[in-house]
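So this block is my_file.cif, mmCIF, C-alpha atoms:
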data_my_file
loop_
_atom_site.label_atom_id
_atom_site.label_comp_id
_atom_site.auth_asym_id
_atom_site.auth_seq_id
_atom_site.Cartn_x
_atom_site.Cartn_y
_atom_site.Cartn_z
CA MET M 1 -27.16 -10.37 -7.21
CA ASN M 2 -26.95 -7.56 -4.70
CA GLY M 3 -30.07 -5.52 -3.94
CA ASP M 4 -28.44 -2.24 -2.84
CA PRO M 5 -29.97 0.85 -4.50
CA LEU M 6 -27.66 2.77 -6.82
CA TRP M 7 -27.54 6.01 -4.79
CA SER M 8 -26.54 4.10 -1.67
CA ILE M 9 -23.70 2.32 -3.52
CA PHE M 10 -22.48 5.64 -4.87
CA LEU M 11 -22.59 7.45 -1.50
CA ASN M 12 -20.99 4.50 0.25
CA ALA M 13 -18.02 4.34 -2.09
CA CYS M 14 -17.61 8.11 -2.26
CA LEU M 15 -18.04 9.32 1.32
CA ILE M 16 -18.90 6.77 4.02
CA ASN M 17 -16.39 4.12 3.09
CA ASN M 18 -14.03 6.43 1.25
CA PHE M 19 -11.39 4.28 -0.44
CA VAL M 20 -8.48 6.33 0.85
CA LEU M 21 -9.55 7.43 4.31
CA ALA M 22 -11.55 4.41 5.47
CA TYR M 23 -10.19 1.45 3.44
CA PHE M 24 -6.58 2.66 3.13
CA LEU M 25 -6.44 1.97 -0.60
CA GLY M 26 -4.27 4.09 -2.84
CA ILE M 27 -2.25 5.58 0.02
CA CYS M 28 0.94 5.86 -2.06
CA PRO M 29 -0.44 8.36 -4.62
CA PHE M 30 -2.46 9.98 -1.81
CA LEU M 31 0.76 10.83 0.05
CA GLY M 32 2.94 11.27 -3.03
CA VAL M 33 0.84 13.39 -5.39
CA SER M 34 -1.05 15.53 -2.91
CA GLY M 35 1.58 18.29 -2.74
CA LYS M 36 -0.04 20.58 -5.32
CA LEU M 37 -3.71 21.19 -6.04
CA ALA M 38 -3.39 21.14 -9.85
CA THR M 39 -1.61 17.77 -10.10
CA ALA M 40 -3.95 16.29 -7.50
CA THR M 41 -7.00 17.17 -9.60
CA ARG M 42 -5.49 15.67 -12.77
CA MET M 43 -4.39 12.54 -10.98
CA GLY M 44 -7.89 12.12 -9.57
CA GLY M 45 -9.39 12.41 -13.05
CA ALA M 46 -7.01 9.82 -14.51
CA VAL M 47 -7.64 7.36 -11.67
CA THR M 48 -11.42 7.76 -11.97
CA PHE M 49 -11.22 7.01 -15.68
CA VAL M 50 -9.03 3.92 -15.24
CA MET M 51 -11.35 2.75 -12.46
CA LEU M 52 -14.38 2.96 -14.76
CA VAL M 53 -12.67 1.05 -17.58
CA SER M 54 -11.09 -1.63 -15.40
CA SER M 55 -14.28 -2.11 -13.40
CA THR M 56 -16.15 -2.82 -16.64
CA CYS M 57 -13.43 -5.25 -17.77
CA ALA M 58 -13.29 -6.96 -14.38
CA PHE M 59 -17.04 -7.57 -14.54
CA GLY M 60 -16.64 -9.33 -17.89
CA ILE M 61 -13.63 -11.35 -16.73
CA ASN M 62 -15.46 -12.53 -13.65
CA LEU M 63 -18.33 -13.81 -15.79
CA ALA M 64 -15.91 -15.58 -18.11
CA LEU M 65 -13.89 -17.17 -15.29
CA ASN M 66 -17.04 -18.37 -13.56
CA ALA M 67 -18.21 -19.87 -16.85
CA ILE M 68 -15.03 -21.95 -17.22
CA ASP M 69 -14.90 -22.63 -13.46
CA ALA M 70 -11.44 -21.18 -12.79
CA PRO M 71 -11.76 -18.60 -9.98
CA TYR M 72 -8.11 -19.06 -8.98
CA LEU M 73 -7.10 -17.17 -12.13
CA LYS M 74 -9.03 -14.11 -10.95
CA LEU M 75 -6.15 -12.20 -9.41
CA ILE M 76 -3.73 -12.79 -12.27
CA SER M 77 -6.22 -11.83 -14.96
CA PHE M 78 -7.41 -8.72 -13.06
CA ILE M 79 -3.91 -7.36 -12.69
CA ALA M 80 -3.08 -8.17 -16.32
CA VAL M 81 -6.20 -6.30 -17.48
CA ILE M 82 -5.46 -3.29 -15.28
CA ALA M 83 -1.86 -3.09 -16.52
CA SER M 84 -2.97 -3.22 -20.14
CA THR M 85 -5.82 -0.75 -19.56
CA VAL M 86 -3.35 1.74 -18.14
CA GLN M 87 -1.08 1.16 -21.13
CA LEU M 88 -4.03 1.68 -23.49
CA VAL M 89 -5.12 4.87 -21.74
CA GLU M 90 -1.55 6.12 -21.92
CA MET M 91 -1.33 5.54 -25.69
CA PHE M 92 -4.80 7.00 -26.24
CA ILE M 93 -4.06 10.21 -24.33
CA LYS M 94 -0.68 10.54 -26.04
CA LYS M 95 -2.38 10.39 -29.45
CA VAL M 96 -5.39 12.58 -28.70
CA SER M 97 -3.92 15.21 -26.40
CA PRO M 98 -0.12 15.40 -26.12
CA ALA M 99 -0.45 18.39 -23.76
CA LEU M 100 -2.42 16.39 -21.20
CA PHE M 101 0.00 13.49 -21.61
CA ARG M 102 2.95 15.68 -20.67
CA ALA M 103 1.05 17.18 -17.74
CA LEU M 104 0.32 13.76 -16.22
CA GLY M 105 3.86 12.49 -16.80
CA ILE M 106 5.00 9.68 -14.53
CA PHE M 107 1.64 9.44 -12.72
CA LEU M 108 0.01 7.61 -15.61
CA PRO M 109 2.08 4.38 -15.57
CA LEU M 110 2.09 4.44 -11.75
CA ILE M 111 -1.69 3.98 -11.72
CA THR M 112 -1.03 0.27 -12.38
CA THR M 113 0.28 -0.21 -8.86
CA ASN M 114 -2.52 1.84 -7.30
CA CYS M 115 -4.21 -0.64 -5.00
CA ALA M 116 -7.50 1.28 -5.11
CA ILE M 117 -8.08 -0.01 -8.64
CA LEU M 118 -7.39 -3.68 -7.95
CA GLY M 119 -9.29 -3.28 -4.68
CA LEU M 120 -12.31 -1.95 -6.54
CA ALA M 121 -12.27 -4.92 -8.92
CA LEU M 122 -12.04 -7.38 -6.01
CA PHE M 123 -14.73 -5.71 -3.87
CA GLN M 124 -17.28 -5.52 -6.67
CA THR M 125 -16.76 -9.23 -7.33
CA ASN M 126 -17.15 -10.06 -3.62
CA LYS M 127 -20.32 -8.00 -3.36
CA ALA M 128 -21.75 -9.60 -6.54
CA TYR M 129 -22.82 -6.28 -8.04
CA SER M 130 -24.69 -6.15 -11.34
CA PHE M 131 -23.19 -4.30 -14.31
CA ILE M 132 -24.98 -0.98 -13.62
CA GLN M 133 -24.12 -1.22 -9.91
CA CYS M 134 -20.46 -1.77 -10.84
CA ILE M 135 -20.43 1.43 -12.90
CA PHE M 136 -21.89 3.45 -10.02
CA TYR M 137 -19.48 1.84 -7.55
CA ALA M 138 -16.50 2.73 -9.75
CA LEU M 139 -17.77 6.28 -10.24
CA GLY M 140 -18.27 6.77 -6.50
CA ALA M 141 -14.88 5.32 -5.62
CA GLY M 142 -13.15 7.47 -8.23
CA LEU M 143 -14.87 10.66 -7.08
CA GLY M 144 -14.14 9.80 -3.45
CA PHE M 145 -10.46 9.31 -4.27
CA THR M 146 -10.38 12.63 -6.14
CA LEU M 147 -12.15 14.41 -3.27
CA ALA M 148 -9.70 13.07 -0.66
CA LEU M 149 -6.73 13.99 -2.87
CA ILE M 150 -8.01 17.54 -3.49
CA LEU M 151 -8.81 18.16 0.20
CA MET M 152 -5.37 16.92 1.19
CA ALA M 153 -3.59 19.00 -1.46
CA GLY M 154 -5.45 22.14 -0.37
CA LEU M 155 -4.45 21.60 3.25
CA ARG M 156 -0.85 20.83 2.40
CA GLU M 157 -0.48 23.93 0.25
CA LYS M 158 -1.57 26.01 3.26
CA LEU M 159 0.65 24.06 5.67
CA ASP M 160 3.74 24.70 3.56
CA LEU M 161 3.59 28.32 4.68
CA MET M 162 3.17 27.55 8.39
CA ALA M 163 5.95 27.44 10.95
CA VAL M 164 6.13 23.87 12.29
CA PRO M 165 8.89 22.18 14.33
CA ASP M 166 11.66 20.63 12.21
CA VAL M 167 11.04 17.14 13.56
CA VAL M 168 7.44 17.06 12.34
CA ARG M 169 8.13 18.27 8.81
CA GLY M 170 7.65 15.74 6.01
CA ALA M 171 5.88 12.41 6.16
CA ALA M 172 4.88 12.60 9.84
CA LEU M 173 2.99 15.87 9.33
CA THR M 174 1.22 14.53 6.24
CA LEU M 175 0.15 11.39 8.11
CA MET M 176 -1.25 13.37 11.05
CA LEU M 177 -3.19 15.50 8.58
CA ALA M 178 -4.55 12.35 6.93
CA GLY M 179 -5.60 11.06 10.36
CA LEU M 180 -7.58 14.25 11.06
CA LEU M 181 -9.22 14.06 7.61
CA SER M 182 -10.12 10.46 8.33
CA ILE M 183 -11.82 11.47 11.59
CA ALA M 184 -13.75 14.12 9.68
CA PHE M 185 -14.94 11.52 7.16
CA MET M 186 -16.18 9.30 9.99
CA GLY M 187 -18.87 11.92 10.42
CA PHE M 188 -20.48 10.58 7.24
CA ALA M 189 -21.17 7.21 8.87
CA GLY M 190 -24.86 6.42 8.91
CA LEU M 191 -25.58 8.73 5.99
CA GLY M 192 -26.58 6.06 3.48
CA GLY M 193 -27.07 3.04 5.74
CA MET L 1 31.83 -13.92 -8.66
CA ALA L 2 33.62 -12.97 -5.46
CA ALA L 3 37.04 -14.49 -4.91
CA SER L 4 36.63 -15.96 -1.45
CA GLY L 5 33.76 -17.40 0.54
CA THR L 6 34.06 -14.98 3.44
CA THR L 7 33.43 -11.85 1.35
CA VAL L 8 30.29 -13.45 -0.09
CA ASP L 9 29.07 -14.17 3.42
CA ARG L 10 29.80 -10.62 4.53
CA ARG L 11 27.87 -9.13 1.61
CA GLY L 12 24.97 -11.50 2.20
CA THR L 13 24.74 -10.39 5.83
CA ASP L 14 24.93 -6.75 4.78
CA GLU L 15 22.06 -7.21 2.33
CA PHE L 16 20.06 -8.85 5.10
CA ILE L 17 20.80 -6.22 7.76
CA LYS L 18 20.07 -3.17 5.58
CA GLY L 19 16.41 -4.14 5.19
CA LEU L 20 15.99 -4.38 8.96
CA TRP L 21 17.08 -0.91 9.90
CA LYS L 22 18.96 1.43 7.57
CA GLU L 23 16.63 0.91 4.61
CA ASN L 24 13.57 -0.29 6.50
CA PRO L 25 10.80 -0.43 3.87
CA VAL L 26 8.16 1.17 6.10
CA PHE L 27 9.88 3.62 8.41
CA VAL L 28 12.58 4.84 6.02
CA GLN L 29 11.38 4.21 2.47
CA LEU L 30 7.63 4.60 3.14
CA LEU L 31 6.75 1.77 0.75
CA GLY L 32 3.71 -0.49 0.87
CA MET L 33 1.71 1.89 3.03
CA CYS L 34 -1.75 0.45 2.33
CA PRO L 35 -1.41 -2.87 4.20
CA VAL L 36 0.71 -1.13 6.85
CA LEU L 37 -2.24 1.04 7.81
CA ALA L 38 -5.16 -1.20 6.95
CA VAL L 39 -4.52 -4.52 8.70
CA THR L 40 -2.57 -3.42 11.75
CA ASN L 41 -5.53 -3.03 14.10
CA THR L 42 -4.39 -6.11 16.06
CA ALA L 43 -0.89 -7.52 16.57
CA MET L 44 -1.96 -10.93 15.23
CA ASN L 45 -3.29 -9.53 11.93
CA ALA L 46 -0.17 -7.41 11.55
CA LEU L 47 2.15 -10.37 12.08
CA ALA L 48 0.20 -12.61 9.68
CA MET L 49 0.24 -9.92 7.01
CA GLY L 50 3.96 -9.35 7.55
CA LEU L 51 4.74 -13.06 7.17
CA ALA L 52 2.55 -13.40 4.06
CA THR L 53 4.25 -10.43 2.44
CA MET L 54 7.67 -11.80 3.42
CA PHE L 55 6.92 -15.13 1.75
CA VAL L 56 5.79 -13.46 -1.49
CA LEU L 57 8.78 -11.12 -1.42
CA VAL L 58 11.33 -13.92 -0.95
CA MET L 59 9.77 -16.23 -3.54
CA SER L 60 9.33 -13.55 -6.19
CA ASN L 61 12.87 -12.30 -5.59
CA LEU L 62 14.14 -15.87 -6.10
CA VAL L 63 12.19 -16.46 -9.31
CA VAL L 64 12.92 -13.05 -10.80
CA SER L 65 16.64 -13.27 -10.08
CA SER L 66 16.94 -16.78 -11.51
CA LEU L 67 15.06 -15.76 -14.67
CA ARG L 68 16.74 -12.36 -14.99
CA ARG L 69 18.72 -13.36 -18.12
CA PHE L 70 15.62 -14.60 -19.96
CA ILE L 71 13.18 -11.75 -19.30
CA PRO L 72 13.11 -9.24 -22.18
CA LYS L 73 13.63 -5.68 -20.98
CA GLN L 74 10.47 -4.27 -22.56
CA VAL L 75 8.03 -6.57 -20.78
CA ARG L 76 9.88 -6.94 -17.48
CA ILE L 77 7.36 -5.09 -15.31
CA ALA L 78 4.47 -7.17 -16.64
CA THR L 79 6.49 -10.36 -16.07
CA PHE L 80 7.34 -9.36 -12.49
CA ILE L 81 3.68 -8.62 -11.74
CA LEU L 82 2.59 -12.01 -13.10
CA VAL L 83 5.23 -13.82 -11.00
CA ILE L 84 4.11 -11.89 -7.91
CA ALA L 85 0.42 -12.52 -8.64
CA THR L 86 1.08 -16.26 -8.86
CA PHE L 87 2.67 -16.39 -5.40
CA VAL L 88 -0.03 -14.17 -3.92
CA THR L 89 -2.69 -16.58 -5.20
CA VAL L 90 -0.78 -19.40 -3.47
CA VAL L 91 -0.63 -17.45 -0.19
CA ASP L 92 -4.31 -16.54 -0.45
CA TYR L 93 -5.37 -20.19 -0.69
CA VAL L 94 -2.88 -21.36 1.98
CA ILE L 95 -4.15 -18.82 4.54
CA ALA L 96 -7.76 -19.75 3.76
CA ALA L 97 -6.84 -23.41 4.37
CA ILE L 98 -5.01 -22.73 7.66
CA SER L 99 -7.39 -20.27 9.29
CA LEU L 100 -10.63 -19.07 7.74
CA GLU L 101 -11.01 -16.54 10.55
CA LEU L 102 -7.68 -14.89 9.76
CA HIS L 103 -8.51 -14.96 6.04
CA LYS L 104 -11.70 -13.04 6.80
CA ALA L 105 -9.93 -10.50 9.03
CA LEU L 106 -7.30 -9.71 6.39
CA GLY L 107 -9.95 -9.65 3.66
CA ALA L 108 -9.00 -8.30 0.28
CA PHE L 109 -5.63 -7.18 1.60
CA ILE L 110 -4.06 -10.59 0.96
CA ALA L 111 -4.93 -10.27 -2.71
CA LEU L 112 -3.71 -6.69 -2.63
CA ILE L 113 -0.16 -7.85 -1.80
CA VAL L 114 0.15 -7.95 -5.61
CA VAL L 115 0.19 -4.19 -5.82
CA ASN L 116 2.45 -3.68 -2.80
CA CYS L 117 5.05 -1.36 -4.29
CA LEU L 118 7.72 -2.82 -2.01
CA ILE L 119 7.68 -6.20 -3.78
CA LEU L 120 7.70 -4.81 -7.32
CA GLY L 121 10.32 -2.31 -6.21
CA ARG L 122 12.69 -5.03 -4.93
CA SER L 123 12.18 -7.10 -8.09
CA GLU L 124 13.01 -4.14 -10.28
CA ALA L 125 15.77 -2.54 -8.22
CA PHE L 126 17.52 -5.60 -6.80
CA ALA L 127 16.48 -9.09 -7.94
CA SER L 128 16.67 -8.30 -11.67
CA LYS L 129 20.33 -7.25 -11.28
CA ASN L 130 21.75 -9.61 -8.65
CA THR L 131 22.50 -13.29 -8.08
CA VAL L 132 19.97 -15.70 -6.61
CA GLY L 133 21.76 -15.87 -3.24
CA MET L 134 21.96 -12.10 -2.81
CA SER L 135 18.30 -11.71 -3.85
CA LEU L 136 17.31 -14.30 -1.26
CA MET L 137 19.12 -12.35 1.48
CA ASP L 138 17.65 -9.07 0.25
CA GLY L 139 14.14 -10.51 0.20
CA LEU L 140 14.55 -11.97 3.69
CA GLY L 141 15.93 -8.72 5.11
CA MET L 142 13.26 -6.51 3.55
CA GLY L 143 10.57 -9.03 4.51
CA VAL L 144 11.65 -9.21 8.14
CA GLY L 145 11.97 -5.41 8.25
CA PHE L 146 8.44 -5.08 6.86
CA ALA L 147 6.98 -7.64 9.27
CA PHE L 148 8.78 -5.94 12.18
CA ALA L 149 7.35 -2.53 11.23
CA LEU L 150 3.86 -3.98 10.90
CA PHE L 151 4.22 -5.60 14.30
CA CYS L 152 5.36 -2.27 15.82
CA LEU L 153 2.19 -0.60 14.58
CA GLY L 154 -0.12 -3.50 15.31
CA SER L 155 1.01 -3.95 18.91
CA VAL L 156 0.70 -0.24 19.75
CA ARG L 157 -2.75 -0.05 18.20
CA GLU L 158 -3.97 -3.21 19.92
CA ILE L 159 -2.57 -2.27 23.35
CA LEU L 160 -4.11 1.22 23.29
CA GLY L 161 -7.24 0.42 21.27
CA SER L 162 -8.36 -2.82 22.89
CA GLY L 163 -6.17 -3.04 26.02
CA SER L 164 -4.72 -6.40 24.98
CA LEU L 165 -1.86 -8.00 23.07
CA PHE L 166 -2.44 -11.12 20.91
CA GLY L 167 -5.90 -11.23 22.50
CA ILE L 168 -4.56 -11.41 26.08
CA GLU L 169 -5.96 -8.69 28.39
CA LEU L 170 -3.16 -6.48 29.73
CA PHE L 171 -4.94 -4.01 32.00
CA HIS L 172 -7.48 -4.30 34.80
CA ALA L 173 -11.16 -3.83 34.05
CA GLY L 174 -11.09 -0.08 34.65
CA PHE L 175 -9.00 0.58 31.53
CA GLN L 176 -10.82 2.80 29.06
CA ASP L 177 -10.05 1.66 25.50
CA TRP L 178 -8.88 4.31 23.05
CA VAL L 179 -11.39 3.22 20.43
CA MET L 180 -9.92 5.67 17.94
CA MET L 181 -6.72 3.64 17.73
CA VAL L 182 -8.42 0.66 16.05
CA LEU L 183 -10.37 2.93 13.69
CA PRO L 184 -8.77 4.05 10.40
CA SER L 185 -7.58 7.39 11.79
CA GLY L 186 -5.62 5.58 14.52
CA GLY L 187 -3.50 3.93 11.85
CA PHE L 188 -2.43 7.28 10.46
CA PHE L 189 -1.67 8.65 13.94
CA THR L 190 0.32 5.61 15.08
CA LEU L 191 2.50 5.61 11.98
CA ALA L 192 2.99 9.37 12.36
CA GLY L 193 4.04 8.75 15.96
CA TRP L 194 6.65 6.13 15.01
CA LEU L 195 8.01 8.38 12.27
CA LEU L 196 8.25 11.25 14.74
CA LEU L 197 10.23 9.05 17.12
CA PHE L 198 12.68 8.02 14.38
CA ASN L 199 12.99 11.61 13.10
CA TRP L 200 13.74 12.79 16.62
CA LEU L 201 16.40 10.11 17.13
CA LYS L 202 18.01 10.98 13.79
CA LYS L 203 17.99 14.71 14.58
CA ARG L 204 19.51 14.08 18.02
CA LYS L 205 22.28 11.97 16.51
CA GLN L 206 23.01 14.67 13.93
CA THR L 207 23.28 17.48 16.48
CA ARG L 208 25.52 15.29 18.68
CA GLU L 209 27.84 14.61 15.74
CA GLN L 210 27.94 18.30 14.92
CA GLN L 211 28.80 19.15 18.51
CA VAL L 212 31.55 16.52 18.57
CA ALA L 213 32.95 17.86 15.30
CA ALA L 214 32.83 21.43 16.61
CA ALA L 215 34.55 20.40 19.85
CA GLN L 216 37.31 18.64 17.91
CA GLU L 217 37.83 21.74 15.76
CA VAL L 218 38.22 23.91 18.83
CA ALA L 219 40.68 21.45 20.33
#
Serialized structure, structure tokens:
Amino acid sequence: MNGDPLWSIFLNACLINNFVLAYFLGICPFLGVSGKLATATRMGGAVTFVMLVSSTCAFGINLALNAIDAPYLKLISFIAVIASTVQLVEMFIKKVSPALFRALGIFLPLITTNCAILGLALFQTNKAYSFIQCIFYALGAGLGFTLALILMAGLREKLDLMAVPDVVRGAALTLMLAGLLSIAFMGFAGLGG
Amino acid sequence: MAASGTTVDRRGTDEFIKGLWKENPVFVQLLGMCPVLAVTNTAMNALAMGLATMFVLVMSNLVVSSLRRFIPKQVRIATFILVIATFVTVVDYVIAAISLELHKALGAFIALIVVNCLILGRSEAFASKNTVGMSLMDGLGMGVGFAFALFCLGSVREILGSGSLFGIELFHAGFQDWVMMVLPSGGFFTLAGWLLLFNWLKKRKQTREQQVAAAQEVA
């Protein structure tokens, strides 16, 4: 068991060790979906939800695998659970709210290959968090991801209107922006200990 | 199948070469960004990660292409992921057996090779449609291209951030390390720098070609 208090776990995952800007997890959606503010917000919401569900499942799987003494199956079962969770969420949203389903479009199935989610499942196992701690960790990571995505989208919407040299336009500009954001987030170090 | 042996060889070489430069997974396609940025703070880590990814890529390409007739279309993505996850588990345990220190430095990123979009992308776009031999060449080319790109980033970050390469000191004692380069933000900046360089080269080539074309028109 890990003795970290809940608020510290939450702050750590959300700001200090932000999954995107400090751990480099989920860079693909971070660069790909951060063009517009509206899609960025929705994507963040979907990822946070999948994180919560898969974190809960991963906690159960880890207990089960430890009970039958087969830790080498961890990776395979985690990824299988995440893939099926995403599928389940997709079907659920399609049934309950077709409008939201259309709005999210291709981003939903792509969450499967978002490394932030598998990373979360692996980290919480390594840190031996309890069930409640896992929930807070997943919530913090999800909010941190959403925050980074929204900040980035806001900046990029502004930058689209600026005059920049042709050579810089595109991926290089986005990466430099991410680097500056990452420096800004370093300012949170030491906040929660 | 191709009629003669030489054409097969030519195509195999082409598949190999394209991954190195023209379709380089990192610099051109921008795939698999997470490990590219996360574990390239030293050249050694970058090279180890590149080799591990290359192994998984080649093996999963081989298995997927040899099973391509038996995998039902509806569940192909899930099947690919399971094949990849199996090889990643193998790599994870092999690295832990060879060097525990390296295993610690790479951390969760070995396990995260599973969700490297490059590997799933090659399985889906190439190995599931091509012969075993071609898939092997494709996997090797993409793998070497990926490892090369990781090494490019890792060496720059280590030289500037710690003043060394593969742990060997390069500068005299007065060298002030650019600590930022080994921190997360340095990863973003270094990759941006490499992309800028390639963009600039591409732009220069384009303008040259345009000038040549214009000159020929005048003549």
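For the pair atom CA of Ile111 of chain M and atom CA of Leu73 of chain M, the separation is 21.8 Å.
The interface of chain M with chain L at 6 Å, considering all atoms listed in the file, consists of Ala22, Phe24, Leu25, Ile27, Ile76, Thr113, Cys115, Val167, Ala172, Leu175, Met176, Gly179, Ser182 and Ile183 of chain M.
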Output check: residues returned by the PyMOL selection byres ((chain M and resi 79-92) around 10), as a VMD selection string: (chain M and resid 46 to 47 49 to 51 53 to 55 57 to 58 61 74 to 78 93 to 98 101 104 to 105 108 to 114 117 to 118 121) or (chain L and resid 77 to 79 81 to 82 85 114 to 115)
What would the file look like if the residues just selected were written as a PDB file, in the frame of the given file with C-alpha atoms?
ATOM      1  CA  ALA M  46      -7.010   9.820 -14.510  1.00  0.00           C
ATOM      2  CA  VAL M  47      -7.640   7.360 -11.670  1.00  0.00           C
ATOM      3  CA  PHE M  49     -11.220   7.010 -15.680  1.00  0.00           C
ATOM      4  CA  VAL M  50      -9.030   3.920 -15.240  1.00  0.00           C
ATOM      5  CA  MET M  51     -11.350   2.750 -12.460  1.00  0.00           C
ATOM      6  CA  VAL M  53     -12.670   1.050 -17.580  1.00  0.00           C
ATOM      7  CA  SER M  54     -11.090  -1.630 -15.400  1.00  0.00           C
ATOM      8  CA  SER M  55     -14.280  -2.110 -13.400  1.00  0.00           C
ATOM      9  CA  CYS M  57     -13.430  -5.250 -17.770  1.00  0.00           C
ATOM     10  CA  ALA M  58     -13.290  -6.960 -14.380  1.00  0.00           C
ATOM     11  CA  ILE M  61     -13.630 -11.350 -16.730  1.00  0.00           C
ATOM     12  CA  LYS M  74      -9.030 -14.110 -10.950  1.00  0.00           C
ATOM     13  CA  LEU M  75      -6.150 -12.200  -9.410  1.00  0.00           C
ATOM     14  CA  ILE M  76      -3.730 -12.790 -12.270  1.00  0.00           C
ATOM     15  CA  SER M  77      -6.220 -11.830 -14.960  1.00  0.00           C
ATOM     16  CA  PHE M  78      -7.410  -8.720 -13.060  1.00  0.00           C
ATOM     17  CA  ILE M  93      -4.060  10.210 -24.330  1.00  0.00           C
ATOM     18  CA  LYS M  94      -0.680  10.540 -26.040  1.00  0.00           C
ATOM     19  CA  LYS M  95      -2.380  10.390 -29.450  1.00  0.00           C
ATOM     20  CA  VAL M  96      -5.390  12.580 -28.700  1.00  0.00           C
ATOM     21  CA  SER M  97      -3.920  15.210 -26.400  1.00  0.00           C
ATOM     22  CA  PRO M  98      -0.120  15.400 -26.120  1.00  0.00           C
ATOM     23  CA  PHE M 101       0.000  13.490 -21.610  1.00  0.00           C
ATOM     24  CA  LEU M 104       0.320  13.760 -16.220  1.00  0.00           C
ATOM     25  CA  GLY M 105       3.860  12.490 -16.800  1.00  0.00           C
ATOM     26  CA  LEU M 108       0.010   7.610 -15.610  1.00  0.00           C
ATOM     27  CA  PRO M 109       2.080   4.380 -15.570  1.00  0.00           C
ATOM     28  CA  LEU M 110       2.090   4.440 -11.750  1.00  0.00           C
ATOM     29  CA  ILE M 111      -1.690   3.980 -11.720  1.00  0.00           C
ATOM     30  CA  THR M 112      -1.030   0.270 -12.380  1.00  0.00           C
ATOM     31  CA  THR M 113       0.280  -0.210  -8.860  1.00  0.00           C
ATOM     32  CA  ASN M 114      -2.520   1.840  -7.300  1.00  0.00           C
ATOM     33  CA  ILE M 117      -8.080  -0.010  -8.640  1.00  0.00           C
ATOM     34  CA  LEU M 118      -7.390  -3.680  -7.950  1.00  0.00           C
ATOM     35  CA  ALA M 121     -12.270  -4.920  -8.920  1.00  0.00           C
TER      36      ALA M 121
ATOM     37  CA  ILE L  77       7.360  -5.090 -15.310  1.00  0.00           C
ATOM     38  CA  ALA L  78       4.470  -7.170 -16.640  1.00  0.00           C
ATOM     39  CA  THR L  79       6.490 -10.360 -16.070  1.00  0.00           C
ATOM     40  CA  ILE L  81       3.680  -8.620 -11.740  1.00  0.00           C
ATOM     41  CA  LEU L  82       2.590 -12.010 -13.100  1.00  0.00           C
ATOM     42  CA  ALA L  85       0.420 -12.520  -8.640  1.00  0.00           C
ATOM     43  CA  VAL L 114       0.150  -7.950  -5.610  1.00  0.00           C
ATOM     44  CA  VAL L 115       0.190  -4.190  -5.820  1.00  0.00           C
TER      45      VAL L 115
END
Atom pair atom CA of Thr174 of chain M / atom CA of Met162 of chain M: separation (Å): 13.3 Å
Selection result of the PyMOL selection byres ((chain M and resi 152) around 9) on this file, as number ranges by chain: M: 30-31, 34-35, 37, 40, 147-151, 153-157, 174, 177-178, 181
Output C-alpha atoms for every residue in the selection just made, as a compact mmCIF listing (two decimals), in the coordinates of the input.
# COMPACT_ATOMS: atom_id res chain seq x y z
CA PHE M 30 -2.46 9.98 -1.81
CA LEU M 31 0.76 10.83 0.05
CA SER M 34 -1.05 15.53 -2.91
CA GLY M 35 1.58 18.29 -2.74
CA LEU M 37 -3.71 21.19 -6.04
CA ALA M 40 -3.95 16.29 -7.50
CA LEU M 147 -12.15 14.41 -3.27
CA ALA M 148 -9.70 13.07 -0.66
CA LEU M 149 -6.73 13.99 -2.87
CA ILE M 150 -8.01 17.54 -3.49
CA LEU M 151 -8.81 18.16 0.20
CA ALA M 153 -3.59 19.00 -1.46
CA GLY M 154 -5.45 22.14 -0.37
CA LEU M 155 -4.45 21.60 3.25
CA ARG M 156 -0.85 20.83 2.40
CA GLU M 157 -0.48 23.93 0.25
CA THR M 174 1.22 14.53 6.24
CA LEU M 177 -3.19 15.50 8.58
CA ALA M 178 -4.55 12.35 6.93
CA LEU M 181 -9.22 14.06 7.61
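One distance worth recording is that between atom CA of Ala43 of chain L and atom CA of Ser162 of chain L, which is 10.9 Å.
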Residues within 6 Å of segment 138-140 of chain M, only C-alpha atoms, excluding chain neighbours under 5 positions, as a ChimeraX atom specification: /M:10,13-14,51-52
Selection result for the PyMOL selection byres ((chain L and resi 142) around 8) on this file, as a list in words: Phe16, Lys18, Gly19, Leu20, Asn24, Pro25, Met54, Asp138, Gly139, Leu140, Gly141, Gly143, Val144, Gly145 and Phe146 of chain L
Residues from last step as file, C-alpha atoms, as a PDB file, in the coordinates of the input:
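File produced: part20.pdb:
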ATOM      1  CA  PHE L  16      20.060  -8.850   5.100  1.00  0.00           C
ATOM      2  CA  LYS L  18      20.070  -3.170   5.580  1.00  0.00           C
ATOM      3  CA  GLY L  19      16.410  -4.140   5.190  1.00  0.00           C
ATOM      4  CA  LEU L  20      15.990  -4.380   8.960  1.00  0.00           C
ATOM      5  CA  ASN L  24      13.570  -0.290   6.500  1.00  0.00           C
ATOM      6  CA  PRO L  25      10.800  -0.430   3.870  1.00  0.00           C
ATOM      7  CA  MET L  54       7.670 -11.800   3.420  1.00  0.00           C
ATOM      8  CA  ASP L 138      17.650  -9.070   0.250  1.00  0.00           C
ATOM      9  CA  GLY L 139      14.140 -10.510   0.200  1.00  0.00           C
ATOM     10  CA  LEU L 140      14.550 -11.970   3.690  1.00  0.00           C
ATOM     11  CA  GLY L 141      15.930  -8.720   5.110  1.00  0.00           C
ATOM     12  CA  GLY L 143      10.570  -9.030   4.510  1.00  0.00           C
ATOM     13  CA  VAL L 144      11.650  -9.210   8.140  1.00  0.00           C
ATOM     14  CA  GLY L 145      11.970  -5.410   8.250  1.00  0.00           C
ATOM     15  CA  PHE L 146       8.440  -5.080   6.860  1.00  0.00           C
TER      16      PHE L 146
END
